[in-house]
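Structure file final-v3.csv; described as CSV, C-alpha atoms and all ligand atoms.
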```csv
chain,number,residue,atom,x,y,z
A,162,MET,CA,185.9,-74.9,139.6
A,163,ARG,CA,185.2,-71.2,139.6
A,164,ALA,CA,188.5,-69.6,138.6
A,165,GLU,CA,192.0,-70.9,138.5
A,166,ALA,CA,195.4,-69.9,137.6
A,167,ILE,CA,197.2,-72.6,135.7
A,168,VAL,CA,200.9,-72.4,136.0
A,169,ASP,CA,203.2,-74.1,133.5
A,170,LEU,CA,206.3,-75.2,135.5
A,171,SER,CA,208.0,-76.2,132.3
A,172,ALA,CA,207.8,-72.6,131.1
A,173,ILE,CA,209.3,-71.4,134.4
A,174,LYS,CA,212.2,-73.9,133.9
A,175,HIS,CA,212.7,-72.8,130.3
A,176,ASN,CA,212.8,-69.2,131.3
A,177,VAL,CA,215.2,-69.8,134.2
A,178,ALA,CA,217.6,-71.8,131.9
A,179,LEU,CA,217.4,-69.1,129.2
A,180,LEU,CA,218.1,-66.2,131.6
A,181,LYS,CA,220.9,-68.0,133.2
A,182,GLU,CA,222.5,-68.6,129.8
A,183,LYS,CA,221.9,-64.9,128.8
A,184,SER,CA,223.5,-63.6,132.0
A,185,GLY,CA,226.5,-66.0,131.7
A,186,THR,CA,226.5,-66.1,135.5
A,187,ASN,CA,224.6,-67.4,138.5
A,188,LEU,CA,220.9,-66.7,138.8
A,189,LEU,CA,219.0,-65.8,141.9
A,190,ALA,CA,215.3,-66.6,141.2
A,191,VAL,CA,213.1,-63.8,142.7
A,192,VAL,CA,210.1,-65.6,144.3
A,193,LYS,CA,208.8,-62.8,146.6
A,194,ALA,CA,205.0,-62.1,146.8
A,195,ASP,CA,204.1,-65.8,146.4
A,196,ALA,CA,206.4,-66.0,143.3
A,197,TYR,CA,204.7,-63.1,141.7
A,198,GLY,CA,201.3,-64.8,142.3
A,199,HIS,CA,202.4,-68.1,140.7
A,200,GLY,CA,202.9,-70.0,144.0
A,201,LEU,CA,206.0,-69.8,146.2
A,202,ILE,CA,206.9,-73.5,146.7
A,203,PRO,CA,206.2,-75.1,143.3
A,204,VAL,CA,207.9,-72.2,141.5
A,205,SER,CA,210.9,-72.2,143.8
A,206,LYS,CA,211.4,-76.0,143.3
A,207,ALA,CA,211.1,-75.6,139.5
A,208,ALA,CA,213.6,-72.7,139.4
A,209,LEU,CA,216.1,-74.6,141.4
A,210,GLU,CA,215.7,-77.7,139.2
A,211,ALA,CA,216.3,-75.5,136.2
A,212,GLY,CA,219.6,-74.2,137.5
A,213,ALA,CA,218.9,-71.2,139.8
A,214,SER,CA,221.6,-71.2,142.5
A,215,MET,CA,219.7,-69.0,145.0
A,216,LEU,CA,216.2,-67.8,145.8
A,217,GLY,CA,215.4,-64.2,146.7
A,218,VAL,CA,212.4,-62.9,148.7
A,219,ALA,CA,211.5,-59.6,150.2
A,220,LEU,CA,210.3,-60.7,153.7
A,221,LEU,CA,211.8,-62.9,156.3
A,222,GLU,CA,208.4,-64.8,156.6
A,223,GLU,CA,208.7,-65.7,152.9
A,224,ALA,CA,212.2,-67.1,153.5
A,225,ILE,CA,211.0,-69.1,156.5
A,226,SER,CA,208.1,-70.6,154.5
A,227,LEU,CA,210.7,-71.8,152.0
A,228,ARG,CA,212.7,-73.5,154.8
A,229,GLU,CA,209.5,-75.0,156.3
A,230,ALA,CA,208.8,-76.6,152.9
A,231,GLY,CA,212.2,-78.3,153.1
A,232,ILE,CA,214.1,-76.1,150.6
A,233,THR,CA,217.7,-76.1,151.6
A,234,ALA,CA,219.1,-73.9,148.7
A,235,PRO,CA,220.6,-70.5,149.7
A,236,ILE,CA,218.0,-67.8,150.2
A,237,LEU,CA,218.4,-64.0,150.4
A,238,ALA,CA,215.7,-61.9,152.2
A,239,TRP,CA,216.2,-58.2,151.5
A,240,LEU,CA,213.5,-56.4,153.3
A,241,VAL,CA,213.8,-57.5,156.9
A,242,GLN,CA,212.2,-55.0,159.3
A,243,PRO,CA,214.1,-53.6,162.3
A,244,GLY,CA,213.0,-55.6,165.3
A,245,SER,CA,212.6,-58.9,163.3
A,246,ASP,CA,213.6,-62.2,164.7
A,247,PHE,CA,217.2,-62.1,163.2
A,248,LYS,CA,218.2,-65.0,165.4
A,249,SER,CA,215.8,-67.3,163.7
A,250,ALA,CA,216.9,-66.0,160.3
A,251,ILE,CA,220.5,-66.9,161.2
A,252,GLU,CA,219.5,-70.3,162.5
A,253,ASN,CA,217.6,-71.0,159.3
A,254,ASP,CA,220.6,-70.1,157.2
A,255,ILE,CA,218.9,-67.2,155.6
A,256,ASP,CA,221.1,-64.5,154.0
A,257,LEU,CA,220.1,-61.0,155.1
A,258,ALA,CA,220.5,-57.7,153.3
A,259,ALA,CA,221.7,-54.8,155.3
A,260,GLY,CA,221.6,-51.2,154.0
A,261,SER,CA,222.4,-49.2,157.1
A,262,ILE,CA,224.7,-49.2,160.1
A,263,LYS,CA,221.7,-49.7,162.3
A,264,ALA,CA,220.7,-52.8,160.5
A,265,LEU,CA,224.3,-54.2,160.7
A,266,LYS,CA,224.3,-53.5,164.5
A,267,GLU,CA,221.0,-55.4,164.9
A,268,ILE,CA,222.4,-58.3,162.9
A,269,GLN,CA,225.6,-58.3,165.0
A,270,ALA,CA,223.6,-58.4,168.2
A,271,ALA,CA,221.7,-61.4,167.0
A,272,SER,CA,224.8,-63.3,166.0
A,273,THR,CA,226.0,-66.1,168.1
A,274,ASP,CA,228.7,-68.7,167.3
A,275,LYS,CA,226.9,-68.9,164.0
A,276,LYS,CA,227.7,-65.8,162.0
A,277,ALA,CA,225.0,-64.1,160.1
A,278,ARG,CA,225.5,-64.2,156.3
A,279,VAL,CA,225.0,-60.6,155.0
A,280,HIS,CA,224.7,-59.0,151.6
A,281,ILE,CA,225.4,-55.2,151.8
A,282,GLU,CA,222.8,-53.2,149.9
A,283,LEU,CA,224.0,-50.0,148.2
A,284,ASP,CA,221.8,-47.2,147.0
A,285,THR,CA,223.3,-46.3,143.7
A,286,GLY,CA,220.4,-44.3,142.4
A,287,MET,CA,217.2,-46.1,143.1
A,288,THR,CA,216.7,-44.0,146.2
A,289,ARG,CA,215.0,-46.7,148.2
A,290,GLY,CA,216.8,-49.1,150.4
A,291,GLY,CA,220.6,-49.3,150.8
A,292,PHE,CA,223.6,-47.3,151.9
A,293,LEU,CA,223.8,-43.8,150.5
A,294,HIS,CA,225.9,-41.2,152.3
A,295,GLU,CA,226.3,-43.4,155.3
A,296,TRP,CA,228.6,-45.6,153.2
A,297,ASP,CA,231.4,-43.1,153.7
A,298,ALA,CA,231.1,-43.4,157.5
A,299,LEU,CA,231.2,-47.2,157.5
A,300,THR,CA,234.2,-48.8,159.3
A,301,PRO,CA,235.4,-52.3,159.5
A,302,THR,CA,234.1,-52.5,163.1
A,303,ASP,CA,230.6,-52.3,161.7
A,304,LEU,CA,231.2,-55.6,160.0
A,305,GLU,CA,232.8,-57.5,162.8
A,306,GLY,CA,231.3,-60.8,163.6
A,307,ILE,CA,229.4,-60.9,160.4
A,308,ASP,CA,230.1,-63.0,157.3
A,309,VAL,CA,229.8,-60.5,154.5
A,310,VAL,CA,229.0,-62.8,151.5
A,311,GLY,CA,227.6,-60.3,149.0
A,312,ILE,CA,227.1,-56.7,147.9
A,313,PHE,CA,224.3,-55.5,145.7
A,314,SER,CA,222.3,-52.7,144.4
A,315,HIS,CA,219.2,-52.2,142.2
A,316,PHE,CA,218.6,-50.4,138.9
A,317,ALA,CA,215.9,-47.8,138.6
A,318,ARG,CA,215.7,-47.7,134.8
A,319,ALA,CA,217.0,-51.0,133.5
A,320,ASP,CA,213.9,-51.3,131.3
A,321,GLU,CA,215.1,-48.2,129.4
A,322,PRO,CA,218.6,-49.5,128.5
A,323,SER,CA,219.7,-46.4,126.7
A,324,GLU,CA,219.1,-44.2,129.8
A,325,ILE,CA,222.4,-42.7,131.1
A,326,GLN,CA,221.3,-43.5,134.7
A,327,ASN,CA,222.1,-47.1,134.1
A,328,GLN,CA,225.7,-46.3,133.3
A,329,GLU,CA,225.8,-44.0,136.3
A,330,GLN,CA,224.5,-46.6,138.6
A,331,LEU,CA,226.9,-49.2,137.4
A,332,SER,CA,229.9,-46.8,137.9
A,333,ARG,CA,228.7,-45.8,141.3
A,334,PHE,CA,228.3,-49.5,142.2
A,335,ASN,CA,231.9,-50.2,141.2
A,336,GLU,CA,233.1,-47.3,143.2
A,337,MET,CA,231.2,-48.3,146.3
A,338,VAL,CA,232.2,-51.9,146.0
A,339,SER,CA,235.9,-50.9,146.1
A,340,LYS,CA,235.4,-49.6,149.6
A,341,LEU,CA,234.3,-53.0,150.8
A,342,GLU,CA,237.3,-54.5,149.1
A,343,SER,CA,239.6,-52.1,150.9
A,344,PHE,CA,238.3,-53.5,154.2
A,345,GLY,CA,239.7,-56.8,153.2
A,346,PHE,CA,236.6,-58.4,151.8
A,347,PRO,CA,237.5,-59.2,148.2
A,348,ASN,CA,235.6,-61.5,145.9
A,349,ARG,CA,232.2,-61.0,147.4
A,350,ILE,CA,229.2,-61.9,145.3
A,351,ARG,CA,228.2,-58.7,143.4
A,352,HIS,CA,224.7,-58.5,142.1
A,353,LEU,CA,223.0,-55.7,140.4
A,354,SER,CA,220.8,-56.8,137.5
A,355,ASN,CA,217.1,-57.4,137.6
A,356,SER,CA,215.3,-59.1,134.7
A,357,ALA,CA,215.5,-56.0,132.4
A,358,ALA,CA,219.2,-55.7,132.9
A,359,THR,CA,219.8,-59.4,132.6
A,360,LEU,CA,218.1,-59.3,129.2
A,361,THR,CA,219.8,-56.2,127.9
A,362,ASN,CA,223.0,-55.5,129.8
A,363,PRO,CA,225.2,-58.5,130.3
A,364,ALA,CA,228.1,-56.2,131.3
A,365,ALA,CA,226.2,-55.7,134.6
A,366,SER,CA,225.8,-59.4,135.4
A,367,PHE,CA,228.8,-59.8,137.8
A,368,GLU,CA,228.7,-62.9,139.9
A,369,MET,CA,224.9,-63.2,140.0
A,370,VAL,CA,221.7,-61.7,138.6
A,371,ARG,CA,218.3,-61.4,140.3
A,372,ALA,CA,215.6,-62.3,137.8
A,373,GLY,CA,211.9,-61.9,138.7
A,374,ILE,CA,209.3,-61.1,136.1
A,375,ALA,CA,211.2,-62.7,133.2
A,376,ILE,CA,211.3,-66.1,134.9
A,377,TYR,CA,207.5,-66.0,134.8
A,378,GLY,CA,207.8,-65.4,131.1
A,379,LEU,CA,206.7,-61.8,131.2
A,380,THR,CA,208.5,-58.9,129.7
A,381,PRO,CA,209.9,-56.2,132.2
A,382,ASP,CA,208.4,-53.5,129.9
A,383,VAL,CA,206.4,-53.9,126.7
A,384,ALA,CA,208.2,-50.9,125.2
A,385,MET,CA,211.5,-52.9,125.6
A,386,GLY,CA,210.1,-55.9,123.8
A,387,SER,CA,207.6,-58.7,124.1
A,388,SER,CA,207.9,-62.0,125.8
A,389,LYS,CA,208.3,-63.5,122.4
A,390,ASP,CA,211.0,-61.1,121.4
A,391,PHE,CA,213.0,-62.3,124.4
A,392,GLY,CA,212.2,-66.0,123.9
A,393,ILE,CA,210.6,-66.3,127.3
A,394,ARG,CA,207.3,-68.1,127.8
A,395,PRO,CA,204.4,-66.7,130.0
A,396,ALA,CA,203.8,-69.4,132.6
A,397,MET,CA,200.4,-68.5,133.8
A,398,GLN,CA,197.0,-68.8,132.2
A,399,LEU,CA,194.1,-67.3,134.2
A,400,ARG,CA,190.8,-68.8,133.5
A,401,ALA,CA,187.2,-69.0,134.8
A,402,ALA,CA,184.0,-70.8,134.2
A,403,LEU,CA,181.2,-68.8,132.7
A,404,TYR,CA,178.5,-68.5,135.4
A,405,LEU,CA,175.6,-67.4,133.3
A,406,VAL,CA,174.7,-66.4,129.8
A,407,LYS,CA,171.7,-64.1,129.1
A,408,ASP,CA,170.1,-62.4,126.1
A,409,VAL,CA,169.5,-58.7,126.6
A,410,PRO,CA,168.2,-56.0,124.2
A,411,ALA,CA,170.1,-52.9,123.1
A,412,GLY,CA,170.2,-50.2,125.7
A,413,THR,CA,170.4,-52.5,128.7
A,414,PRO,CA,172.4,-50.9,131.6
A,415,VAL,CA,175.0,-53.2,133.1
A,416,GLY,CA,176.3,-53.3,136.6
A,417,TYR,CA,176.9,-50.7,139.3
A,418,GLY,CA,176.2,-47.1,138.4
A,419,ALA,CA,174.8,-48.3,135.0
A,420,SER,CA,178.1,-47.0,133.7
A,421,GLU,CA,177.6,-48.8,130.3
A,422,LEU,CA,174.6,-49.8,128.2
A,423,THR,CA,174.5,-52.5,125.6
A,424,THR,CA,174.8,-51.0,122.1
A,425,ARG,CA,172.9,-53.9,120.4
A,426,ASP,CA,170.7,-56.9,121.2
A,427,THR,CA,173.4,-59.2,122.5
A,428,LYS,CA,174.4,-62.0,124.8
A,429,LEU,CA,176.1,-61.2,128.1
A,430,GLY,CA,178.3,-63.5,130.1
A,431,VAL,CA,178.8,-63.3,133.8
A,432,ILE,CA,182.2,-64.3,135.1
A,433,THR,CA,182.8,-65.1,138.8
A,434,MET,CA,186.0,-63.2,139.3
A,435,GLY,CA,186.1,-59.6,140.5
A,436,TYR,CA,188.5,-57.1,142.0
A,437,ALA,CA,188.8,-59.2,145.1
A,438,ASP,CA,190.5,-61.8,142.8
A,439,GLY,CA,192.7,-59.2,141.2
A,440,ILE,CA,190.6,-58.2,138.2
A,441,PRO,CA,191.4,-54.4,138.1
A,442,ARG,CA,188.2,-52.4,138.6
A,443,VAL,CA,189.7,-49.6,136.4
A,444,ALA,CA,190.4,-52.0,133.4
A,445,LYS,CA,189.2,-50.5,130.1
A,446,GLY,CA,189.5,-52.4,126.9
A,447,ALA,CA,190.3,-55.8,128.3
A,448,GLY,CA,188.0,-58.9,128.5
A,449,VAL,CA,188.1,-62.6,128.1
A,450,TRP,CA,188.7,-65.1,125.3
A,451,ILE,CA,186.1,-67.7,124.6
A,452,ASN,CA,185.5,-70.1,121.7
A,453,GLY,CA,188.3,-68.4,119.8
A,454,GLU,CA,187.0,-64.9,120.2
A,455,ARG,CA,187.5,-61.9,122.5
A,456,ALA,CA,184.6,-60.7,124.5
A,457,PRO,CA,185.1,-57.3,126.1
A,458,ILE,CA,184.2,-56.3,129.7
A,459,ILE,CA,181.0,-54.3,129.8
A,460,GLY,CA,180.0,-52.2,132.9
A,461,ARG,CA,182.0,-52.0,136.1
A,462,VAL,CA,183.9,-54.9,137.6
A,463,SER,CA,182.4,-55.9,140.9
A,464,MET,CA,184.1,-57.5,143.9
A,465,ASP,CA,183.3,-61.1,142.8
A,466,GLN,CA,182.1,-60.9,139.3
A,467,PHE,CA,182.2,-59.0,136.0
A,468,VAL,CA,180.2,-59.1,132.8
A,469,VAL,CA,181.4,-59.5,129.2
A,470,ASP,CA,179.6,-58.8,126.0
A,471,LEU,CA,179.7,-62.2,124.1
A,472,GLY,CA,178.0,-60.8,121.0
A,473,PRO,CA,174.6,-61.8,119.5
A,474,ASP,CA,175.9,-64.9,117.7
A,475,SER,CA,177.9,-66.4,120.6
A,476,LYS,CA,177.4,-70.1,121.2
A,477,ALA,CA,178.9,-69.7,124.7
A,478,LYS,CA,177.0,-71.4,127.5
A,479,SER,CA,177.3,-71.4,131.3
A,480,GLY,CA,180.1,-73.7,132.5
A,481,ASP,CA,182.2,-73.0,129.4
A,482,TRP,CA,185.8,-71.9,130.2
A,483,VAL,CA,186.9,-68.4,129.4
A,484,VAL,CA,190.6,-67.4,129.4
A,485,VAL,CA,191.1,-64.1,131.2
A,486,PHE,CA,194.7,-64.0,130.2
A,487,GLY,CA,197.3,-66.4,128.8
A,488,ASN,CA,200.3,-66.3,126.6
A,489,GLY,CA,198.5,-64.7,123.7
A,490,SER,CA,199.3,-67.3,121.1
A,491,HIS,CA,195.7,-68.0,120.3
A,492,GLY,CA,194.5,-64.4,120.4
A,493,GLU,CA,193.7,-64.3,124.1
A,494,PHE,CA,194.5,-61.3,126.2
A,495,THR,CA,197.8,-61.3,128.0
A,496,ALA,CA,198.9,-60.0,131.4
A,497,ASP,CA,200.6,-57.2,129.4
A,498,ASP,CA,197.2,-56.3,127.8
A,499,TRP,CA,195.5,-56.3,131.3
A,500,GLY,CA,198.3,-54.1,132.6
A,501,ALA,CA,197.9,-51.6,129.7
A,502,ALA,CA,194.1,-51.7,130.1
A,503,SER,CA,194.4,-50.7,133.7
A,504,GLY,CA,197.1,-48.1,133.5
A,505,SER,CA,199.5,-50.5,135.1
A,506,ILE,CA,202.0,-53.2,134.3
A,507,ASN,CA,202.0,-57.0,134.1
A,508,TYR,CA,203.8,-57.3,137.4
A,509,GLU,CA,200.8,-55.8,139.2
A,510,ILE,CA,198.3,-58.0,137.3
A,511,VAL,CA,199.9,-61.3,138.3
A,512,THR,CA,200.9,-60.4,141.8
A,513,ARG,CA,197.4,-59.2,142.7
A,514,ILE,CA,195.6,-62.4,141.8
A,515,GLY,CA,193.8,-63.2,145.1
A,516,PRO,CA,193.9,-66.2,147.3
A,517,ARG,CA,190.4,-67.4,146.2
A,518,VAL,CA,191.9,-68.3,142.8
A,519,SER,CA,193.3,-71.8,142.9
A,520,ARG,CA,196.7,-72.4,141.5
A,521,ILE,CA,197.0,-75.5,139.4
A,522,TYR,CA,200.4,-76.8,138.3
A,523,THR,CA,201.1,-78.5,135.1
A,524,ALA,CA,204.0,-79.2,132.8
A,525,HIS,CA,202.0,-77.8,129.8
A,526,VAL,CA,199.1,-75.4,129.6
A,527,TYR,CA,198.7,-75.2,125.9
B,601,LIG,C1,211.7,-57.5,142.8
B,601,LIG,C2,213.2,-57.4,142.8
B,601,LIG,C3,214.0,-57.9,141.8
B,601,LIG,C4,213.3,-58.6,140.5
B,601,LIG,O1,212.9,-57.6,139.6
B,601,LIG,P1,212.3,-58.0,138.2
B,601,LIG,O2,212.1,-56.7,137.5
B,601,LIG,O3,211.0,-58.7,138.5
B,601,LIG,O4,213.3,-58.9,137.6
B,601,LIG,C5,215.3,-57.9,141.9
B,601,LIG,N1,215.9,-57.3,142.9
B,601,LIG,C6,215.3,-56.7,143.9
B,601,LIG,C7,216.0,-56.1,145.0
B,601,LIG,C8,213.9,-56.7,143.9
B,601,LIG,O5,213.2,-56.1,144.9
```
I need this file expressed as structure tokens, please.
Amino acid sequence: MRAEAIVDLSAIKHNVALLKEKSGTNLLAVVKADAYGHGLIPVSKAALEAGASMLGVALLEEAISLREAGITAPILAWLVQPGSDFKSAIENDIDLAAGSIKALKEIQAASTDKKARVHIELDTGMTRGGFLHEWDALTPTDLEGIDVVGIFSHFARADEPSEIQNQEQLSRFNEMVSKLESFGFPNRIRHLSNSAATLTNPAASFEMVRAGIAIYGLTPDVAMGSSKDFGIRPAMQLRAALYLVKDVPAGTPVGYGASELTTRDTKLGVITMGYADGIPRVAKGAGVWINGERAPIIGRVSMDQFVVDLGPDSKAKSGDWVVVFGNGSHGEFTADDWGAASGSINYEIVTRIGPRVSRIYTAHVY
């Protein structure tokens, strides 16, 4: 095997149960983008087994894939393009988000005897999807023939809990929700919190939270706290087999552009994963963990491979496993480290792991 991502489903279950308990309410497990690169179907099943009451995805296609896999739990899709097949969404019992009058009209037009289940999306300060000024123009007619089951919004700065914008968004949310209530739709499921808010702001939990990154055991922001601080367990270990080990003298240029030279006589290891597999080409200061030691990247990451400096005394040989990232408990790099090394965040590291990397499921990685 060249490279594989080993996903510990017991960690996912642990994280879901813990977040659900922290929130004190229902939990929607966010499984968009192939469950943040961890694998849509196995993760969804694990999350439901651990007590998630709903699954959340961005795209209608993702929701349909869940139904095709036989998953019957409630599903919310919140980024359904205009012109999508809303009829099949309704037939497949997929809850739809709507954040504009135009979107509501389209859903109304697709409704038959079976009413569409809709969650109204509000823009309370994220300035992305959702009703903003148009909310004032909304009338009950816009909701006729639709089963309004939920109302939600999204925090822009929940990973900075002391920022006043969180409080402002929460107040705005409450104000906007009261308009829906005035139309005679009381007791709809309100949901606002992502992982960061779930971990830090239980006052915003309402009837449901939408947790993504934390169910994968990753912190929403390293400045907020580590996985360990929050008691969540990173579910993925990314590893690869060493392709080749070679001795080279000091001053040997490595890779495209000869961007780096060896600084000593050393052993280099070639790893068959590259930027096409999600290894960031810009990563500086990351590497792999092998035989209990860290070996840093040397030279540029190529499409399918990169090179690490194993050090002159390394006993590594081709075929040995290297850990690209894991939970960090043995000293290996983490997805947080790779995020920092590439000017990005753990979210981007795990979601960009490419389709050539096999996903392997286990109850225990370590
Ligand atoms: C992705 C997403 C989430 C999950 O965010 P995390 O920070 O991963 O918990 C929640 N809600 C919406 C609308 C999203 O798009």
- Query: Which is closest to Gln330 in chain A among A:Leu304, A:Leu283, A:Val511, A:Ala164, if we use all atoms listed in the file?
  - Reply: A:Leu283
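Between CA of Arg461 in chain A and CA of Asp382 in chain A the separation is 27.2 Å.
Comparing A:Thr288, A:Thr302, A:Thr424, A:Asn253 by their smallest distance to Gln269 in chain A, the closest is A:Thr302 (using only C-alpha atoms).
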- Task: Pick out the residues no farther than 6 Å from ligand LIG 601 (chain B), counting all atoms listed in the file, and list them as a ChimeraX atom specification.
- Result: /A:191,315,355-356,371-374,381
Would you mind listing what lies within 9 Å of Thr423 in chain A as a CSV table (one decimal) with C-alpha atoms, in the coordinates of the input, with all atoms listed in the file counted and same-chain residues fewer than 2 positions away left out?
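So selection-v4.csv came out as:
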```
chain,number,residue,atom,x,y,z
A,409,VAL,CA,169.5,-58.7,126.6
A,410,PRO,CA,168.2,-56.0,124.2
A,411,ALA,CA,170.1,-52.9,123.1
A,412,GLY,CA,170.2,-50.2,125.7
A,413,THR,CA,170.4,-52.5,128.7
A,414,PRO,CA,172.4,-50.9,131.6
A,415,VAL,CA,175.0,-53.2,133.1
A,421,GLU,CA,177.6,-48.8,130.3
A,425,ARG,CA,172.9,-53.9,120.4
A,426,ASP,CA,170.7,-56.9,121.2
A,427,THR,CA,173.4,-59.2,122.5
A,459,ILE,CA,181.0,-54.3,129.8
A,470,ASP,CA,179.6,-58.8,126.0
```
- Query: Mind pulling up the distance from CA of Ser323 in chain A to CA of Val383 in chain A?
  - Reply: 15.3 Å
- Task: Fewer than 4 positions away in the same chain doesn't count, so skip those; otherwise give me all residues within 12 Å of Ala358 in chain A, counting all atoms listed in the file, as a PyMOL selection string.
- Result: chain A and resi 180+183-184+315-324+327-328+330-331+352-354+362-367+369-375+380-382+385
- Task: Rounded to one decimal place, report the CA of Tyr508 in chain A-CA of Leu399 in chain A distance in Å.
- Result: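 Calculated distance between CA of Tyr508 in chain A and CA of Leu399 in chain A is 14.3 Å.
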- Message: Can you pull out the residues contacting Asp297 in chain A? Cut-off 12 Å, using all atoms listed in the file, and skip same-chain residues under 4 positions away; I want them as a VMD selection string.
- Response: chain A and resid 261 to 262 283 292 to 293 301 336 to 341
- Task: Find the spatial neighbours of Leu403 in chain A, counting only C-alpha atoms, within a cut-off of 8 Å - ignore same-chain residues fewer than 6 positions away - and output them as JSON, numbers by chain.
- Result: {"A": [430, 431, 432, 433, 478, 479, 480, 481, 482, 483]}
